[in-house]
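Q: So here's work30.cif, just mmCIF, C-alpha atoms, pLDDT in the B column; chains and numbers go by the auth columns:
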data_start
loop_
_atom_site.group_PDB
_atom_site.id
_atom_site.type_symbol
_atom_site.label_atom_id
_atom_site.label_comp_id
_atom_site.label_asym_id
_atom_site.label_seq_id
_atom_site.Cartn_x
_atom_site.Cartn_y
_atom_site.Cartn_z
_atom_site.B_iso_or_equiv
_atom_site.auth_seq_id
_atom_site.auth_asym_id
ATOM 1 C CA ALA A 1 0.000 0.000 0.000 75.00 196 A
ATOM 2 C CA GLN A 2 1.125 3.509 -0.730 85.00 197 A
ATOM 3 C CA THR A 3 2.042 5.629 2.257 93.00 198 A
ATOM 4 C CA VAL A 4 3.083 9.245 2.672 97.00 199 A
ATOM 5 C CA THR A 5 5.132 10.442 5.629 97.00 200 A
ATOM 6 C CA GLN A 6 5.703 13.985 6.817 97.00 201 A
ATOM 7 C CA SER A 7 8.205 13.810 9.650 96.00 202 A
ATOM 8 C CA GLN A 8 7.894 17.431 10.778 96.00 203 A
ATOM 9 C CA PRO A 9 4.653 18.019 12.695 96.00 204 A
ATOM 10 C CA GLU A 10 5.540 21.710 13.112 97.00 205 A
ATOM 11 C CA MET A 11 7.910 24.172 11.504 97.00 206 A
ATOM 12 C CA SER A 12 8.461 27.879 11.948 97.00 207 A
ATOM 13 C CA VAL A 13 10.269 30.480 9.880 97.00 208 A
ATOM 14 C CA GLN A 14 10.933 34.187 9.986 97.00 209 A
ATOM 15 C CA GLU A 15 9.037 36.316 7.516 97.00 210 A
ATOM 16 C CA ALA A 16 10.986 36.749 4.250 97.00 211 A
ATOM 17 C CA GLU A 17 13.155 33.696 4.976 98.00 212 A
ATOM 18 C CA THR A 18 13.132 30.324 3.209 98.00 213 A
ATOM 19 C CA VAL A 19 11.740 27.121 4.670 98.00 214 A
ATOM 20 C CA THR A 20 11.689 23.526 3.442 98.00 215 A
ATOM 21 C CA LEU A 21 9.015 21.002 4.367 98.00 216 A
ATOM 22 C CA SER A 22 9.858 17.319 4.044 98.00 217 A
ATOM 23 C CA CYS A 23 7.830 14.462 2.616 98.00 218 A
ATOM 24 C CA THR A 24 8.689 10.870 1.828 98.00 219 A
ATOM 25 C CA TYR A 25 6.481 8.286 0.216 97.00 220 A
ATOM 26 C CA ASP A 26 6.458 4.585 -0.401 95.00 221 A
ATOM 27 C CA THR A 27 5.213 3.043 -3.622 91.00 222 A
ATOM 28 C CA SER A 28 6.036 0.289 -6.066 90.00 223 A
ATOM 29 C CA GLU A 29 4.415 2.160 -8.929 87.00 224 A
ATOM 30 C CA SER A 30 6.439 3.917 -11.607 86.00 225 A
ATOM 31 C CA ASP A 31 3.657 6.203 -12.811 87.00 226 A
ATOM 32 C CA TYR A 32 2.337 8.530 -10.148 90.00 227 A
ATOM 33 C CA TYR A 33 1.805 12.149 -9.163 92.00 228 A
ATOM 34 C CA LEU A 34 2.745 14.097 -6.070 95.00 229 A
ATOM 35 C CA PHE A 35 1.097 17.197 -4.683 96.00 230 A
ATOM 36 C CA TRP A 36 1.377 19.749 -1.925 98.00 231 A
ATOM 37 C CA TYR A 37 -1.857 21.143 -0.520 97.00 232 A
ATOM 38 C CA LYS A 38 -2.164 24.076 1.864 97.00 233 A
ATOM 39 C CA GLN A 39 -4.867 24.262 4.518 97.00 234 A
ATOM 40 C CA PRO A 40 -5.088 27.709 6.150 96.00 235 A
ATOM 41 C CA PRO A 41 -7.212 28.389 9.255 93.00 236 A
ATOM 42 C CA SER A 42 -10.253 28.684 6.980 92.00 237 A
ATOM 43 C CA ARG A 43 -9.876 24.886 6.474 93.00 238 A
ATOM 44 C CA GLN A 44 -10.055 25.208 2.691 94.00 239 A
ATOM 45 C CA MET A 45 -7.714 22.757 0.926 96.00 240 A
ATOM 46 C CA ILE A 46 -5.713 24.663 -1.677 96.00 241 A
ATOM 47 C CA LEU A 47 -3.539 23.012 -4.299 95.00 242 A
ATOM 48 C CA VAL A 48 -0.053 24.538 -4.140 97.00 243 A
ATOM 49 C CA ILE A 49 2.016 22.534 -6.584 96.00 244 A
ATOM 50 C CA ARG A 50 2.113 19.212 -8.412 94.00 245 A
ATOM 51 C CA GLN A 51 4.857 16.978 -9.776 95.00 246 A
ATOM 52 C CA GLU A 52 4.599 14.180 -12.317 92.00 247 A
ATOM 53 C CA ALA A 53 6.895 11.275 -11.485 91.00 248 A
ATOM 54 C CA TYR A 54 8.037 10.909 -15.101 91.00 249 A
ATOM 55 C CA LYS A 55 9.328 14.484 -15.183 91.00 250 A
ATOM 56 C CA GLN A 56 12.890 15.012 -14.033 88.00 251 A
ATOM 57 C CA GLN A 57 12.513 18.764 -13.788 94.00 252 A
ATOM 58 C CA ASN A 58 11.350 20.021 -10.412 96.00 253 A
ATOM 59 C CA ALA A 59 8.041 21.905 -10.448 95.00 254 A
ATOM 60 C CA THR A 60 7.950 25.599 -9.550 96.00 255 A
ATOM 61 C CA GLU A 61 5.032 27.917 -8.857 95.00 256 A
ATOM 62 C CA ASN A 62 6.153 31.439 -8.012 96.00 257 A
ATOM 63 C CA ARG A 63 7.701 31.277 -4.501 97.00 258 A
ATOM 64 C CA PHE A 64 6.980 27.559 -4.171 98.00 259 A
ATOM 65 C CA SER A 65 9.253 24.882 -5.568 98.00 260 A
ATOM 66 C CA VAL A 66 9.837 21.210 -4.969 98.00 261 A
ATOM 67 C CA ASN A 67 12.876 18.985 -4.714 97.00 262 A
ATOM 68 C CA PHE A 68 11.775 15.677 -6.199 97.00 263 A
ATOM 69 C CA GLN A 69 14.204 12.822 -5.594 96.00 264 A
ATOM 70 C CA LYS A 70 12.561 9.800 -7.224 95.00 265 A
ATOM 71 C CA ALA A 71 15.126 7.206 -6.210 94.00 266 A
ATOM 72 C CA ALA A 72 14.987 8.348 -2.606 96.00 267 A
ATOM 73 C CA LYS A 73 11.174 8.714 -2.783 96.00 268 A
ATOM 74 C CA SER A 74 11.455 12.186 -1.376 97.00 269 A
ATOM 75 C CA PHE A 75 9.344 15.225 -2.278 97.00 270 A
ATOM 76 C CA SER A 76 10.142 18.353 -0.289 98.00 271 A
ATOM 77 C CA LEU A 77 8.506 21.773 -0.620 98.00 272 A
ATOM 78 C CA LYS A 78 10.571 24.946 -0.492 98.00 273 A
ATOM 79 C CA ILE A 79 8.856 28.235 0.242 98.00 274 A
ATOM 80 C CA SER A 80 10.978 31.272 -0.543 98.00 275 A
ATOM 81 C CA ASP A 81 10.439 34.780 0.829 98.00 276 A
ATOM 82 C CA SER A 82 7.926 33.476 3.381 98.00 277 A
ATOM 83 C CA GLN A 83 4.888 35.656 3.934 97.00 278 A
ATOM 84 C CA LEU A 84 2.430 35.827 6.812 97.00 279 A
ATOM 85 C CA GLY A 85 -0.239 34.421 4.509 96.00 280 A
ATOM 86 C CA ASP A 86 1.794 31.236 4.090 97.00 281 A
ATOM 87 C CA ALA A 87 0.951 30.195 7.651 97.00 282 A
ATOM 88 C CA ALA A 88 -1.074 26.995 7.336 97.00 283 A
ATOM 89 C CA MET A 89 -1.054 23.223 7.506 97.00 284 A
ATOM 90 C CA TYR A 90 0.730 21.738 4.532 98.00 285 A
ATOM 91 C CA PHE A 91 -0.139 18.280 3.288 98.00 286 A
ATOM 92 C CA CYS A 92 1.886 16.159 0.933 98.00 287 A
ATOM 93 C CA ALA A 93 -0.236 13.844 -1.219 96.00 288 A
ATOM 94 C CA TYR A 94 0.306 10.990 -3.658 94.00 289 A
ATOM 95 C CA LYS A 95 -1.817 9.617 -6.460 91.00 290 A
ATOM 96 C CA VAL A 96 -1.107 6.629 -8.644 84.00 291 A
ATOM 97 C CA GLY A 97 -1.098 7.414 -12.355 75.00 292 A
ATOM 98 C CA GLN A 98 -3.474 4.749 -13.577 72.00 293 A
ATOM 99 C CA GLY A 99 -6.487 3.201 -11.961 69.00 294 A
ATOM 100 C CA ALA A 100 -7.503 4.449 -8.533 66.00 295 A
ATOM 101 C CA GLN A 101 -7.725 8.220 -8.455 81.00 296 A
ATOM 102 C CA LYS A 102 -7.680 8.650 -4.708 89.00 297 A
ATOM 103 C CA LEU A 103 -5.220 10.954 -3.000 93.00 298 A
ATOM 104 C CA VAL A 104 -3.158 9.511 -0.154 94.00 299 A
ATOM 105 C CA PHE A 105 -2.185 12.225 2.309 96.00 300 A
ATOM 106 C CA GLY A 106 0.572 12.632 4.841 96.00 301 A
ATOM 107 C CA GLN A 107 -0.215 13.751 8.375 96.00 302 A
ATOM 108 C CA GLY A 108 0.632 17.367 7.646 96.00 303 A
ATOM 109 C CA THR A 109 3.130 19.984 8.804 97.00 304 A
ATOM 110 C CA ARG A 110 1.938 23.087 10.609 97.00 305 A
ATOM 111 C CA LEU A 111 3.923 26.086 9.372 98.00 306 A
ATOM 112 C CA THR A 112 4.152 29.225 11.496 98.00 307 A
ATOM 113 C CA ILE A 113 5.502 32.483 10.084 97.00 308 A
ATOM 114 C CA ASN A 114 7.147 34.775 12.637 96.00 309 A
ATOM 115 C CA PRO A 115 6.960 38.499 11.825 94.00 310 A
ATOM 116 C CA ASP B 1 -12.539 29.898 -4.757 85.00 216 B
ATOM 117 C CA SER B 2 -12.059 26.414 -6.220 88.00 217 B
ATOM 118 C CA GLY B 3 -15.457 26.330 -7.940 93.00 218 B
ATOM 119 C CA VAL B 4 -16.544 23.322 -5.856 97.00 219 B
ATOM 120 C CA THR B 5 -19.462 24.043 -3.551 97.00 220 B
ATOM 121 C CA GLN B 6 -20.573 22.130 -0.483 98.00 221 B
ATOM 122 C CA THR B 7 -23.634 22.514 1.696 97.00 222 B
ATOM 123 C CA PRO B 8 -24.192 22.891 4.531 97.00 223 B
ATOM 124 C CA LYS B 9 -21.073 24.491 6.001 96.00 224 B
ATOM 125 C CA HIS B 10 -21.847 23.293 9.494 97.00 225 B
ATOM 126 C CA LEU B 11 -24.084 20.535 10.777 97.00 226 B
ATOM 127 C CA ILE B 12 -24.804 19.653 14.386 97.00 227 B
ATOM 128 C CA THR B 13 -26.835 16.554 15.082 97.00 228 B
ATOM 129 C CA ALA B 14 -27.367 13.860 17.667 98.00 229 B
ATOM 130 C CA THR B 15 -26.130 10.292 17.806 98.00 230 B
ATOM 131 C CA GLY B 16 -28.286 7.865 15.871 97.00 231 B
ATOM 132 C CA GLN B 17 -29.445 10.462 13.374 98.00 232 B
ATOM 133 C CA ARG B 18 -28.992 10.580 9.611 98.00 233 B
ATOM 134 C CA VAL B 19 -27.608 13.494 7.571 98.00 234 B
ATOM 135 C CA THR B 20 -26.973 14.281 3.916 98.00 235 B
ATOM 136 C CA LEU B 21 -24.037 16.326 2.696 98.00 236 B
ATOM 137 C CA ARG B 22 -24.211 17.868 -0.756 98.00 237 B
ATOM 138 C CA CYS B 23 -21.489 18.690 -3.258 98.00 238 B
ATOM 139 C CA SER B 24 -21.531 20.440 -6.619 98.00 239 B
ATOM 140 C CA PRO B 25 -18.366 19.923 -8.669 96.00 240 B
ATOM 141 C CA ARG B 26 -16.613 22.492 -10.804 95.00 241 B
ATOM 142 C CA SER B 27 -18.291 23.103 -14.121 93.00 242 B
ATOM 143 C CA GLY B 28 -17.313 20.344 -16.537 89.00 243 B
ATOM 144 C CA ASP B 29 -15.740 18.050 -13.948 92.00 244 B
ATOM 145 C CA LEU B 30 -17.047 14.496 -14.131 91.00 245 B
ATOM 146 C CA SER B 31 -15.280 13.072 -11.070 92.00 246 B
ATOM 147 C CA VAL B 32 -16.322 13.648 -7.487 95.00 247 B
ATOM 148 C CA TYR B 33 -14.403 12.429 -4.469 96.00 248 B
ATOM 149 C CA TRP B 34 -15.301 12.439 -0.801 97.00 249 B
ATOM 150 C CA TYR B 35 -12.728 12.702 1.976 97.00 250 B
ATOM 151 C CA GLN B 36 -13.014 12.743 5.749 97.00 251 B
ATOM 152 C CA GLN B 37 -10.651 14.787 7.913 97.00 252 B
ATOM 153 C CA SER B 38 -10.563 13.924 11.592 92.00 253 B
ATOM 154 C CA LEU B 39 -8.004 14.633 14.298 83.00 254 B
ATOM 155 C CA ASP B 40 -7.066 11.000 14.850 80.00 255 B
ATOM 156 C CA GLN B 41 -7.286 9.659 11.279 80.00 256 B
ATOM 157 C CA GLY B 42 -6.115 12.638 9.268 88.00 257 B
ATOM 158 C CA LEU B 43 -7.380 12.983 5.697 93.00 258 B
ATOM 159 C CA GLN B 44 -8.945 9.746 4.475 95.00 259 B
ATOM 160 C CA PHE B 45 -10.418 8.933 1.085 95.00 260 B
ATOM 161 C CA LEU B 46 -13.992 7.691 1.259 96.00 261 B
ATOM 162 C CA ILE B 47 -15.356 7.208 -2.238 95.00 262 B
ATOM 163 C CA HIS B 48 -14.998 8.264 -5.890 94.00 263 B
ATOM 164 C CA TYR B 49 -17.709 8.710 -8.501 93.00 264 B
ATOM 165 C CA TYR B 50 -17.174 9.318 -12.179 91.00 265 B
ATOM 166 C CA ASN B 51 -20.079 10.459 -14.341 92.00 266 B
ATOM 167 C CA GLY B 52 -22.618 8.801 -12.083 93.00 267 B
ATOM 168 C CA GLU B 53 -20.780 5.544 -11.508 93.00 268 B
ATOM 169 C CA GLU B 54 -18.940 4.468 -8.387 93.00 269 B
ATOM 170 C CA ARG B 55 -15.281 3.961 -9.266 91.00 270 B
ATOM 171 C CA ALA B 56 -13.482 3.347 -5.998 90.00 271 B
ATOM 172 C CA LYS B 57 -14.165 2.929 -2.315 92.00 272 B
ATOM 173 C CA GLY B 58 -11.801 3.702 0.493 91.00 273 B
ATOM 174 C CA ASN B 59 -12.283 3.516 4.231 83.00 274 B
ATOM 175 C CA ILE B 60 -16.007 4.162 4.054 92.00 275 B
ATOM 176 C CA LEU B 61 -18.207 2.693 6.742 93.00 276 B
ATOM 177 C CA GLU B 62 -21.258 0.630 5.800 95.00 277 B
ATOM 178 C CA ARG B 63 -23.381 3.279 7.536 96.00 278 B
ATOM 179 C CA PHE B 64 -22.194 5.758 4.904 97.00 279 B
ATOM 180 C CA SER B 65 -23.312 5.839 1.290 96.00 280 B
ATOM 181 C CA ALA B 66 -22.997 8.207 -1.618 97.00 281 B
ATOM 182 C CA GLN B 67 -24.323 8.808 -5.085 97.00 282 B
ATOM 183 C CA GLN B 68 -23.730 11.073 -8.043 97.00 283 B
ATOM 184 C CA PHE B 69 -26.736 12.373 -9.914 97.00 284 B
ATOM 185 C CA PRO B 70 -27.214 13.017 -13.666 96.00 285 B
ATOM 186 C CA ASP B 71 -26.442 16.718 -13.144 95.00 286 B
ATOM 187 C CA LEU B 72 -23.139 15.514 -11.576 96.00 287 B
ATOM 188 C CA HIS B 73 -23.777 16.804 -8.079 97.00 288 B
ATOM 189 C CA SER B 74 -23.120 14.282 -5.354 98.00 289 B
ATOM 190 C CA GLU B 75 -24.539 13.495 -1.952 98.00 290 B
ATOM 191 C CA LEU B 76 -22.916 11.708 0.965 98.00 291 B
ATOM 192 C CA ASN B 77 -25.380 10.084 3.340 98.00 292 B
ATOM 193 C CA LEU B 78 -24.291 9.317 6.887 98.00 293 B
ATOM 194 C CA SER B 79 -26.634 7.274 9.058 97.00 294 B
ATOM 195 C CA SER B 80 -26.749 5.913 12.616 97.00 295 B
ATOM 196 C CA LEU B 81 -24.305 8.632 13.504 98.00 296 B
ATOM 197 C CA GLU B 82 -21.780 8.116 16.276 97.00 297 B
ATOM 198 C CA LEU B 83 -19.647 10.582 18.181 96.00 298 B
ATOM 199 C CA GLY B 84 -16.626 9.396 16.220 94.00 299 B
ATOM 200 C CA ASP B 85 -18.202 10.519 12.951 96.00 300 B
ATOM 201 C CA SER B 86 -17.603 14.130 13.955 97.00 301 B
ATOM 202 C CA ALA B 87 -15.202 15.441 11.321 97.00 302 B
ATOM 203 C CA LEU B 88 -14.702 17.752 8.393 97.00 303 B
ATOM 204 C CA TYR B 89 -16.034 16.194 5.200 98.00 304 B
ATOM 205 C CA PHE B 90 -14.543 17.390 1.942 98.00 305 B
ATOM 206 C CA CYS B 91 -15.730 16.966 -1.578 97.00 306 B
ATOM 207 C CA ALA B 92 -13.254 17.350 -4.429 96.00 307 B
ATOM 208 C CA SER B 93 -13.693 17.268 -8.171 95.00 308 B
ATOM 209 C CA SER B 94 -11.534 16.761 -11.213 92.00 309 B
ATOM 210 C CA ALA B 95 -12.007 16.594 -14.955 85.00 310 B
ATOM 211 C CA GLY B 96 -12.183 13.121 -16.466 68.00 311 B
ATOM 212 C CA ILE B 97 -8.610 12.968 -17.672 55.00 312 B
ATOM 213 C CA SER B 98 -7.050 15.456 -15.249 59.00 313 B
ATOM 214 C CA TYR B 99 -5.101 14.462 -12.201 70.00 314 B
ATOM 215 C CA GLU B 100 -5.695 17.614 -10.188 87.00 315 B
ATOM 216 C CA GLN B 101 -8.368 17.498 -7.544 93.00 316 B
ATOM 217 C CA TYR B 102 -9.937 20.742 -6.399 94.00 317 B
ATOM 218 C CA PHE B 103 -11.526 20.785 -2.981 96.00 318 B
ATOM 219 C CA GLY B 104 -14.681 22.391 -1.739 97.00 319 B
ATOM 220 C CA PRO B 105 -14.791 24.340 1.547 96.00 320 B
ATOM 221 C CA GLY B 106 -15.939 21.286 3.504 97.00 321 B
ATOM 222 C CA THR B 107 -18.837 20.482 5.803 98.00 322 B
ATOM 223 C CA ARG B 108 -18.095 20.470 9.514 97.00 323 B
ATOM 224 C CA LEU B 109 -20.178 17.701 11.130 98.00 324 B
ATOM 225 C CA THR B 110 -20.551 17.633 14.884 97.00 325 B
ATOM 226 C CA VAL B 111 -22.334 14.686 16.466 97.00 326 B
ATOM 227 C CA THR B 112 -23.434 15.247 20.065 96.00 327 B
#
Transcribe the structure of this file into structure tokens.

A:
Amino acid sequence: AQTVTQSQPEMSVQEAETVTLSCTYDTSESDYYLFWYKQPPSRQMILVIRQEAYKQQNATENRFSVNFQKAAKSFSLKISDSQLGDAAMYFCAYKVGQGAQKLVFGQGTRLTINP
Amino acid sequence: DSGVTQTPKHLITATGQRVTLRCSPRSGDLSVYWYQQSLDQGLQFLIHYYNGEERAKGNILERFSAQQFPDLHSELNLSSLELGDSALYFCASSAGISYEQYFGPGTRLTVT
């Protein structure tokens, strides 16, 4: 069974600094997708970034980028120039490429931004 | 705003009761997914519908059922409610061939 592990229950960073959130996953599939979702205090789940396993290039969305290490099954999220609005729970998620479309989530990392 | 709507936002009910949660997917999306978020279990996949047909089941209790209607909206029915069913229930949708799931704002269910 696929599993996703986020080993950092909480992280904090100074405003304008850079922070990296860790995620590892376990799968025997070769075709899959990885995602980071943000859940602010409003509880809305917001898609931050996605990565296709077949792509070697790391995905980037403005201040958010990932470090995808397929062999190590690692998928970390880097947030540059942290802003107060980045404070939230961040969830790493996995989805197999074919067949079942369900997302498998990690336990989340609570990110605090210090002004 | 993801374009996915869920009603109601909050629901408070008693043990043993039955409730229905409603979800309208983004325009054009054929897939609807239901997830449960609780403190002890985290985010868990419940069920997936595609264009009216059930496609996959996750950790969904027998007391729970769902359906997707011809207009593509979906309902999640929870019956014989227990205290442990208190959670945030999310609906998400995606286009048929897309792999991105967009989440609604959730329904907060409190069972007393």

Q: Suppose you want the space between atom CA of A:Glu212 and atom CA of A:Thr200; what is it in Å?

A: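 Atom-to-atom, atom CA of A:Glu212 and atom CA of A:Thr200 are spaced 24.6 Å apart.
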
Q: Please determine the contact residues of chain A with respect to chain B at a cut-off of 9 Å, counting all atoms listed in the file, and supply them as a list in words.

A: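 Putting it all together, I get Tyr228, Phe230, Ser237, Arg238, Gln239, Met240, Ile241, Leu242, Arg245, Lys290, Gly292, Ala295, Gln296, Lys297, Leu298, Val299, Phe300, Gly301, Gln302 and Gly303 of chain A.
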
Q: Using the selection just defined, write its residues with C-alpha atoms as an mmCIF file, in the coordinates of the input.

A:
data_model
loop_
_atom_site.group_PDB
_atom_site.id
_atom_site.type_symbol
_atom_site.label_atom_id
_atom_site.label_comp_id
_atom_site.auth_asym_id
_atom_site.auth_seq_id
_atom_site.Cartn_x
_atom_site.Cartn_y
_atom_site.Cartn_z
ATOM 1 C CA TYR A 228 1.805 12.149 -9.163
ATOM 2 C CA PHE A 230 1.097 17.197 -4.683
ATOM 3 C CA SER A 237 -10.253 28.684 6.980
ATOM 4 C CA ARG A 238 -9.876 24.886 6.474
ATOM 5 C CA GLN A 239 -10.055 25.208 2.691
ATOM 6 C CA MET A 240 -7.714 22.757 0.926
ATOM 7 C CA ILE A 241 -5.713 24.663 -1.677
ATOM 8 C CA LEU A 242 -3.539 23.012 -4.299
ATOM 9 C CA ARG A 245 2.113 19.212 -8.412
ATOM 10 C CA LYS A 290 -1.817 9.617 -6.460
ATOM 11 C CA GLY A 292 -1.098 7.414 -12.355
ATOM 12 C CA ALA A 295 -7.503 4.449 -8.533
ATOM 13 C CA GLN A 296 -7.725 8.220 -8.455
ATOM 14 C CA LYS A 297 -7.680 8.650 -4.708
ATOM 15 C CA LEU A 298 -5.220 10.954 -3.000
ATOM 16 C CA VAL A 299 -3.158 9.511 -0.154
ATOM 17 C CA PHE A 300 -2.185 12.225 2.309
ATOM 18 C CA GLY A 301 0.572 12.632 4.841
ATOM 19 C CA GLN A 302 -0.215 13.751 8.375
ATOM 20 C CA GLY A 303 0.632 17.367 7.646
#

Q: Of the candidates A:Thr215, A:Thr307, A:Asn253, A:Gln209, which shows the shortest atom-to-atom distance to A:Met284, using all atoms listed in the file?

A: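 Of A:Thr215, A:Thr307, A:Asn253, A:Gln209, the one nearest A:Met284 is A:Thr307, counting all atoms listed in the file.
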
Q: Just give me the gap between atom CA of A:Leu272 and atom CA of B:Gln221 in Å, one decimal is fine.

A: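 Computing the Euclidean distance for atom CA of A:Leu272 and atom CA of B:Gln221 yields 29.1 Å.
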
Q: What is the distance between atom CA of A:Pro204 and atom CA of A:Ala283, in Å to one decimal?

A: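 Computed distance, atom CA of A:Pro204 to atom CA of A:Ala283, equals 11.9 Å.
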
Q: Find the residue from B:Leu245, B:Ile227, B:Leu291, B:Ala281 that sits nearest to B:Ala310; use only C-alpha atoms when measuring.

A: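 Distance minimum relative to B:Ala310 lands on B:Leu245.
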
Q: Could you tell me which residues the PyMOL selection byres ((chain A and resi 251) around 12) returns for this structure, as a ChimeraX atom specification?

A: /A:246-250,252-254,261-266

Q: Next, dump the selected residues to file, keeping only C-alpha atoms, as an mmCIF file, in the frame of the given file.

A:
data_model
loop_
_atom_site.group_PDB
_atom_site.id
_atom_site.type_symbol
_atom_site.label_atom_id
_atom_site.label_comp_id
_atom_site.auth_asym_id
_atom_site.auth_seq_id
_atom_site.Cartn_x
_atom_site.Cartn_y
_atom_site.Cartn_z
ATOM 1 C CA GLN A 246 4.857 16.978 -9.776
ATOM 2 C CA GLU A 247 4.599 14.180 -12.317
ATOM 3 C CA ALA A 248 6.895 11.275 -11.485
ATOM 4 C CA TYR A 249 8.037 10.909 -15.101
ATOM 5 C CA LYS A 250 9.328 14.484 -15.183
ATOM 6 C CA GLN A 252 12.513 18.764 -13.788
ATOM 7 C CA ASN A 253 11.350 20.021 -10.412
ATOM 8 C CA ALA A 254 8.041 21.905 -10.448
ATOM 9 C CA VAL A 261 9.837 21.210 -4.969
ATOM 10 C CA ASN A 262 12.876 18.985 -4.714
ATOM 11 C CA PHE A 263 11.775 15.677 -6.199
ATOM 12 C CA GLN A 264 14.204 12.822 -5.594
ATOM 13 C CA LYS A 265 12.561 9.800 -7.224
ATOM 14 C CA ALA A 266 15.126 7.206 -6.210
#

Q: Can you give me, as a VMD selection string, the residues this file yields under the PyMOL selection byres ((chain A and resi 279) around 12)?

A: chain A and resid 207 to 212 235 274 276 to 278 280 to 283 306 to 310

Q: My list of candidates is B:Phe284, B:Asp244, B:Glu269, B:Val234. Which is closest to B:Gly218 when distances are computed with all atoms listed in the file?

A: B:Asp244

Q: Find the axis-aligned box for stretch 251-267 of chain A, covering all its listed atoms and adding 4 Å on each side, and write its centre and edge lengths in Å to one decimal as JSON.

A:
{"center_x": 10.1, "center_y": 19.3, "center_z": -8.3, "size_x": 18.1, "size_y": 32.2, "size_z": 19.4}

Q: Quick one: of A:Ser223, A:Asn257, A:Gln197, A:Lys273, who's nearest to A:Tyr289, counting all atoms listed in the file?

A: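 Of A:Ser223, A:Asn257, A:Gln197, A:Lys273, the one nearest A:Tyr289 is A:Gln197, counting all atoms listed in the file.
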